[in-house]
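**Q** Below you will find the structure I want to go over with you.
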Amino acid sequence: MHIRFGEGAGARSWRVRGLEKNLSPDVLKVNVRIAIASADGGAFHVDTLDLYNAKQRGHFAGQAAAETGVDERHLKADLGRVLMALESVQDEAIAEVLQPTPTEKMSEAEQSDAMALLKTPDLPARILADFEAAGVVGEATNKLVGYLAAVSRKLDRPLAVVIQSSSAAGKSSLMDAILSFVPEEERVQYSAMTGQSLFYMGQTNLKHKILAIAEEEGAHRASYALKLLQSEGELTIASTGTDPATGNLITQEYKVEGPMSLFMTTTAIDIDEELMNRCLVLSVDEAREQTRAIHKLQRERRTLAGLTKKHEKTAILTVHRNAQRLLRPLAVVNPWADQLTFLDDRTRTRRDHEKYLTLIDTIALLHQHQRQIKSASVADKTIEYIEASLADIELANRIAHEVLGTSLDELPPQTRRVLASVHILVQDKEKAQGLPQRDIRFSRSEVRSAAALSDTQARIHLERLAALEYVLVHRGQRGQSYEYELLHDGAARAGAHLSGLIDTAQLASTNSSSRGQVGQFAAPSRPQNGANAGDVRTTETTGSSHEIRRAAEMQDEAPDTRATPTLQARASYPQVSLQSLAA
């Protein structure tokens with residue numbers, strides 16, 4: 001910024017740099033240079049100072065007067081005018097940063113495409129189909145949960161996500177793919193954070209936004225602040241500073257408002273317990289079939305079809321970003337909340353239960369343009385809200401079985417998969433040798449081959465299984481090879497199941513006029529899977545006939561949405577059904 005005072009040989013030219021960094025109304029620290037034009041070449045003085053600090057202004061004027069020969073009174077008057085001009089520019093910059101991006105900036109076609117997406121009858125399946133079209137294969141549950149966690153940033157208590165996998169499994173690619181569906185102005189991404197950085201981020205810089213950190217190790221120093229911001233919804237710190245008027249040390253308070261949704265990746269098998277019970281832990285699929293699918297996609301990107309999809313991906317992401325801009329932070333009321341059930345056998349389920357309820361709220365919030373927006377008067381204020389449906393609860397149950405069930409499992413997902421491989425290995429040995437399980441022995445080398453692990457990974461997982469008494473070590477002393485016996489005689493499931501959730505078929509049978517028409521939610525022709533008031537026992541959900549039937553009913557009942565060129569092009573995209581979540 002350049003400002004000039006006077007004319008002719010004695011004109012004073014002021015140049016100011018660094019104003020764009022001052023986004024706080026309490027600070028105006030800039031680099032200022034004053035130059036005096038004269039016949040012998042002129043003179044100048046340059047320094048960096050806070051124009052709101054009277055002592056620094058006086059020192060600058062005195063030094064500039066000595067070097068340029070201009071009367072100090074004129075320089076102080078110039079500084080005052082420069083300060084007033086910079087203040088107006090700074091106020092405009094702060095207002096522009098704090099003002100949310102208006103949806104009016106969308107064209108009518110973009111807004112129509114975004115609204116058509118939000119009104120899609122089977123919206124979760126459409127989201128998964130768009131992920132596939134954008135080049136993200138597999139990981140159906142992880143993609144949907146990540147998308148819902150991103151939407152939850154508009155709630156008062158958002159979801160947080162930690163993506164866990166071994167090195168090179170694709171955890172960062174999965175997080176980047178999920179974040180690419182979120183508007184740029186509503187996400188903040190860092191590679192690492194220092195211990196105090198969160199406390200000085202600005203009062204509203206993270207409010208209802210996503211904070212994404214590349215690796216959990218990079219945020220280790222800031223872990224306390226992250227946990228506190230998730231639990232309390234805000235951060236406050238008292239720090240020592242200098243009073244600009246007197247120069248004395250005073251206590252200054254800094255505040256960072258939430259809530260915010262946290263995204264993070266990690267390669268650690270044993271995740272910090274304090275972090276894990278605050279987040280949804282997603283485990284990347286490391287199966288051979290997934291690797292084969294990724295290889296196929298990588299080869300396809302080098303073809304003409306892959307080049308075409310790369311350009312279509314931009315249109316898909318634009319529609320989803322605009323759709324998320326159209327979502328309003330409405331309150332969500334769950335008419336069936338008093339009938340829901342959850343495990344209560346350990347204290348950490350107090351937080352997991354909140355995650356489960358938030359998951360239902362997020363699904364309802366995502367469907368807000370397909371629901372009636374109601375209002376209620378509370379303390380002379382009108383609050384707008386939408387109601388959760390049985391379909392929202394059913395989808396949340398299906399996700400909770402896999403995601404929350406895994407987090408409550410005593411074995412990490414990677415170790416659980418190794419245990420399943422050991423079961424298969426032992427069963428094959430039983431058939432080949434004709435011996436019972438208690439007489440079967442296997443080596444670490446056989447486990448490495450069966451589970452396709454490195455020696456280090458095999459050792460870590462087998463040590464964990466031995467510590468939890470899933471396997472028994474028979475040999476392994478100095479000079480001897482390791483030999484194990486499988487003690488676990490239960491089903492070696494690779495997935496997880498969360499007991500204690502009530503079946504939506506039981507909720508659908510509830511006869512309550514305040515909960516709308518429930519006749520459309522017909523109970524499936526399978527045994528109920530859930531708890532009632534007197535019996536909190538559940539059986540594992542294995543079928544999805546009700547889910548498939550409900551999805552078909554929604555397709556038949558839904559009105560046709562307007563087709564635009566962008567949406568018509570989607571007809572060729574791969575169709576992903578929600579059945580994949582139950583697979």
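Chain labels A, B, ... are given in the sequence in which chains occur in the structure tokens; within each chain residues are numbered consecutively from 1, and ligands are likewise numbered from 1 in the order shown.
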Which polymer residues have any atom within 6 Å of an atom of stretch 323-333 of chain A, counting only C-alpha atoms, with same-chain residues fewer than 4 positions away left out, as number ranges by chain?
**A** A: 114, 154, 361, 385-387
**Q** Store the residues picked out above, limited to all heavy atoms, as a CSV table (one decimal), in the first residue's frame.
**A**
```csv
chain,number,residue,atom,x,y,z
A,114,ALA,N,-27.1,-29.2,-6.9
A,114,ALA,CA,-26.8,-29.5,-5.5
A,114,ALA,C,-28.1,-29.9,-4.7
A,114,ALA,O,-28.1,-30.8,-3.9
A,114,ALA,CB,-26.2,-28.3,-4.8
A,154,LYS,N,-21.6,-29.4,11.4
A,154,LYS,CA,-22.7,-28.4,11.6
A,154,LYS,C,-23.5,-28.6,12.9
A,154,LYS,O,-24.4,-27.8,13.2
A,154,LYS,CB,-23.6,-28.4,10.4
A,154,LYS,CG,-22.9,-28.0,9.1
A,154,LYS,CD,-23.8,-28.0,7.9
A,154,LYS,CE,-23.1,-27.5,6.6
A,154,LYS,NZ,-22.7,-26.1,6.7
A,361,ASP,N,-28.2,-38.3,14.5
A,361,ASP,CA,-28.5,-36.9,14.2
A,361,ASP,C,-27.9,-36.5,12.9
A,361,ASP,O,-28.5,-35.7,12.1
A,361,ASP,CB,-28.0,-36.0,15.3
A,361,ASP,CG,-28.7,-36.3,16.6
A,361,ASP,OD1,-29.8,-36.9,16.6
A,361,ASP,OD2,-28.2,-35.9,17.7
A,385,TYR,N,-36.3,-27.3,13.8
A,385,TYR,CA,-35.7,-28.6,13.9
A,385,TYR,C,-36.3,-29.6,12.9
A,385,TYR,O,-37.3,-29.3,12.3
A,385,TYR,CB,-35.9,-29.1,15.4
A,385,TYR,CG,-37.3,-29.4,15.7
A,385,TYR,CD1,-37.9,-30.7,15.6
A,385,TYR,CD2,-38.2,-28.4,16.2
A,385,TYR,CE1,-39.2,-31.0,15.9
A,385,TYR,CE2,-39.5,-28.7,16.5
A,385,TYR,CZ,-40.0,-30.0,16.3
A,385,TYR,OH,-41.3,-30.3,16.7
A,386,ILE,N,-35.6,-30.7,12.7
A,386,ILE,CA,-36.1,-31.8,12.0
A,386,ILE,C,-36.1,-33.0,12.8
A,386,ILE,O,-35.5,-33.1,13.9
A,386,ILE,CB,-35.3,-32.0,10.7
A,386,ILE,CG1,-33.8,-32.3,11.1
A,386,ILE,CG2,-35.4,-30.9,9.7
A,386,ILE,CD1,-33.0,-32.7,9.9
A,387,GLU,N,-36.9,-34.0,12.4
A,387,GLU,CA,-37.0,-35.3,13.2
A,387,GLU,C,-36.3,-36.4,12.5
A,387,GLU,O,-36.3,-36.5,11.3
A,387,GLU,CB,-38.5,-35.6,13.4
A,387,GLU,CG,-39.2,-34.7,14.4
A,387,GLU,CD,-40.6,-35.3,14.7
A,387,GLU,OE1,-41.0,-36.2,14.1
A,387,GLU,OE2,-41.2,-34.7,15.6
```
**Q** Name the residues of stretch 43-210 of chain A that fall into helix (DSSP H, G or I) according to DSSP on the backbone, using the chain letters and numbers of this document, as a PyMOL selection string.
**A** chain A and resi 54-68+72-98+103-105+108-118+123-133+140-154+171-179+184-186+197-200
**Q** Figure out the distance between atom CA of A:Val89 and atom CA of A:Ala35, please, to one decimal in Å.
**A**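 These atoms are spaced 22.2 Å apart.
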**Q** Just give me the gap between atom CA of A:Gly58 and atom CA of A:Ile94 in Å, one decimal is fine.
**A**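 Atom CA of A:Ile94 lies 27.0 Å from atom CA of A:Gly58.
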**Q** So how many Å separate atom CA of A:Gln457 and atom CA of A:Val426, to one decimal?
**A**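 Interatomic distance, atom CA of A:Gln457 to atom CA of A:Val426: 19.5 Å.
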**Q** Excluding A:Leu144 and residues on its chain fewer than 4 positions from it, collect all residues at most 8 Å away from it, counting only C-alpha atoms, and give them as number ranges by chain.
**A** A: 124, 127-128, 140, 148
**Q** Which residue is closest to A:Ala505? Choose from A:Lys55, A:Ile393, A:His353, A:Glu110 and count only C-alpha atoms.
**A**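 Nearest to A:Ala505: A:Ile393.
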**Q** Can you pull out every residue within 9 Å of A:Val281, counting only C-alpha atoms, but drop anything in the same chain fewer than 3 positions away, and send it as a list of chain:residue names?
**A**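 Non-adjacent residues within range: A:Ala160, A:Val161, A:Val162, A:Ile163, A:Gln164, A:Met276, A:Asn277, A:Val403, A:Leu404, A:Thr406, A:Ser407.
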**Q** Could you list, as a ChimeraX atom specification, every residue within 8 Å of stretch 41-49 of chain A, counting only C-alpha atoms and ignoring same-chain residues fewer than 3 positions away?
**A** /A:29-38,53,56-57,60,63-64,67-68
**Q** Go ahead and save the picked residues with N, CA, C and O atoms, as a short mmCIF file (atom, residue, chain, number, x, y, z; two decimals), in the first residue's frame.
**A**
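Result went into part.cif, see below:
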```cif
data_model
loop_
_atom_site.label_atom_id
_atom_site.label_comp_id
_atom_site.auth_asym_id
_atom_site.auth_seq_id
_atom_site.Cartn_x
_atom_site.Cartn_y
_atom_site.Cartn_z
N LYS A 29 0.47 -4.80 13.11
CA LYS A 29 1.93 -4.86 12.95
C LYS A 29 2.27 -4.93 11.47
O LYS A 29 1.92 -5.88 10.78
N VAL A 30 2.99 -3.90 10.98
CA VAL A 30 3.30 -3.79 9.55
C VAL A 30 4.73 -3.30 9.37
O VAL A 30 5.38 -2.84 10.31
N ASN A 31 5.19 -3.44 8.14
CA ASN A 31 6.50 -2.89 7.76
C ASN A 31 6.26 -1.55 7.07
O ASN A 31 5.57 -1.48 6.05
N VAL A 32 6.84 -0.48 7.63
CA VAL A 32 6.59 0.88 7.15
C VAL A 32 7.90 1.49 6.64
O VAL A 32 8.94 1.41 7.32
N ARG A 33 7.84 2.11 5.47
CA ARG A 33 8.98 2.84 4.93
C ARG A 33 8.54 4.25 4.51
O ARG A 33 7.52 4.40 3.83
N ILE A 34 9.33 5.25 4.92
CA ILE A 34 9.07 6.62 4.48
C ILE A 34 10.27 7.07 3.64
O ILE A 34 11.42 6.86 4.04
N ALA A 35 9.98 7.63 2.49
CA ALA A 35 11.03 8.11 1.58
C ALA A 35 10.77 9.58 1.25
O ALA A 35 9.62 9.98 1.01
N ILE A 36 11.86 10.38 1.25
CA ILE A 36 11.77 11.81 0.96
C ILE A 36 12.48 12.06 -0.37
O ILE A 36 13.66 11.71 -0.53
N ALA A 37 11.75 12.63 -1.32
CA ALA A 37 12.34 12.95 -2.62
C ALA A 37 13.10 14.26 -2.53
O ALA A 37 12.62 15.24 -1.95
N SER A 38 14.32 14.29 -3.11
CA SER A 38 15.12 15.52 -3.14
C SER A 38 16.06 15.46 -4.33
O SER A 38 16.23 14.42 -4.96
N ASN A 53 0.73 0.68 18.94
CA ASN A 53 1.59 0.90 20.09
C ASN A 53 2.16 2.32 20.02
O ASN A 53 2.97 2.65 19.15
N GLN A 56 5.97 2.68 20.14
CA GLN A 56 6.66 2.31 18.90
C GLN A 56 6.46 3.39 17.82
O GLN A 56 7.37 3.67 17.05
N ARG A 57 5.28 4.00 17.78
CA ARG A 57 5.06 5.08 16.81
C ARG A 57 5.98 6.26 17.09
O ARG A 57 6.56 6.87 16.17
N PHE A 60 9.52 5.42 16.06
CA PHE A 60 9.66 5.44 14.60
C PHE A 60 9.74 6.87 14.08
O PHE A 60 10.59 7.20 13.23
N GLN A 63 13.24 8.41 14.91
CA GLN A 63 14.30 7.87 14.07
C GLN A 63 14.16 8.37 12.63
O GLN A 63 15.16 8.72 11.97
N ALA A 64 12.92 8.42 12.12
CA ALA A 64 12.70 8.87 10.75
C ALA A 64 13.05 10.35 10.60
O ALA A 64 13.61 10.78 9.57
N GLU A 67 16.83 10.74 10.31
CA GLU A 67 17.43 10.25 9.06
C GLU A 67 16.97 11.04 7.84
O GLU A 67 17.71 11.17 6.87
N THR A 68 15.76 11.57 7.86
CA THR A 68 15.24 12.27 6.68
C THR A 68 15.30 13.78 6.80
O THR A 68 15.18 14.49 5.79
#
```
**Q** Kindly indicate which residue among A:Thr504, A:Ser107, A:Thr141, A:Asn22 lies nearest to A:His401, using only C-alpha atoms for the distances.
**A**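 Ranking A:Thr504, A:Ser107, A:Thr141, A:Asn22 by distance to A:His401, first place goes to A:Thr141.
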**Q** Do you know which residues are at most 12 Å from A:Tyr147 counting only C-alpha atoms, after dropping those on the same chain fewer than 6 positions away, and could you put them as a PyMOL selection string?
**A** chain A and resi 123-124+126-128+130-131+140-141+153+159-161+174-182+210+261+263+320-321+324+359+362-363+366
**Q** Would you please extract all strand (DSSP E or B) residues from stretch 336-485 of chain A, as assigned by DSSP on the backbone, and give them as a list in words?
**A**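 Listing strand (DSSP E or B) positions across stretch 336-485 of chain A yields Lys374, Ser375, Ala376, Ser377, Val378, Lys381, Thr382, Ile383, Glu384, Tyr385, Ile386, Glu387, Phe442, Ser443, Val471, Leu472, Val473, His474, Arg475, Glu483, Tyr484 and Glu485 of chain A.
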**Q** For each of A:Met115, A:Ile460, A:Leu486, A:Leu155, take the minimum atom-to-atom distance to A:Arg438, counting only C-alpha atoms, then give the residue where this is smallest.
**A** A:Leu486
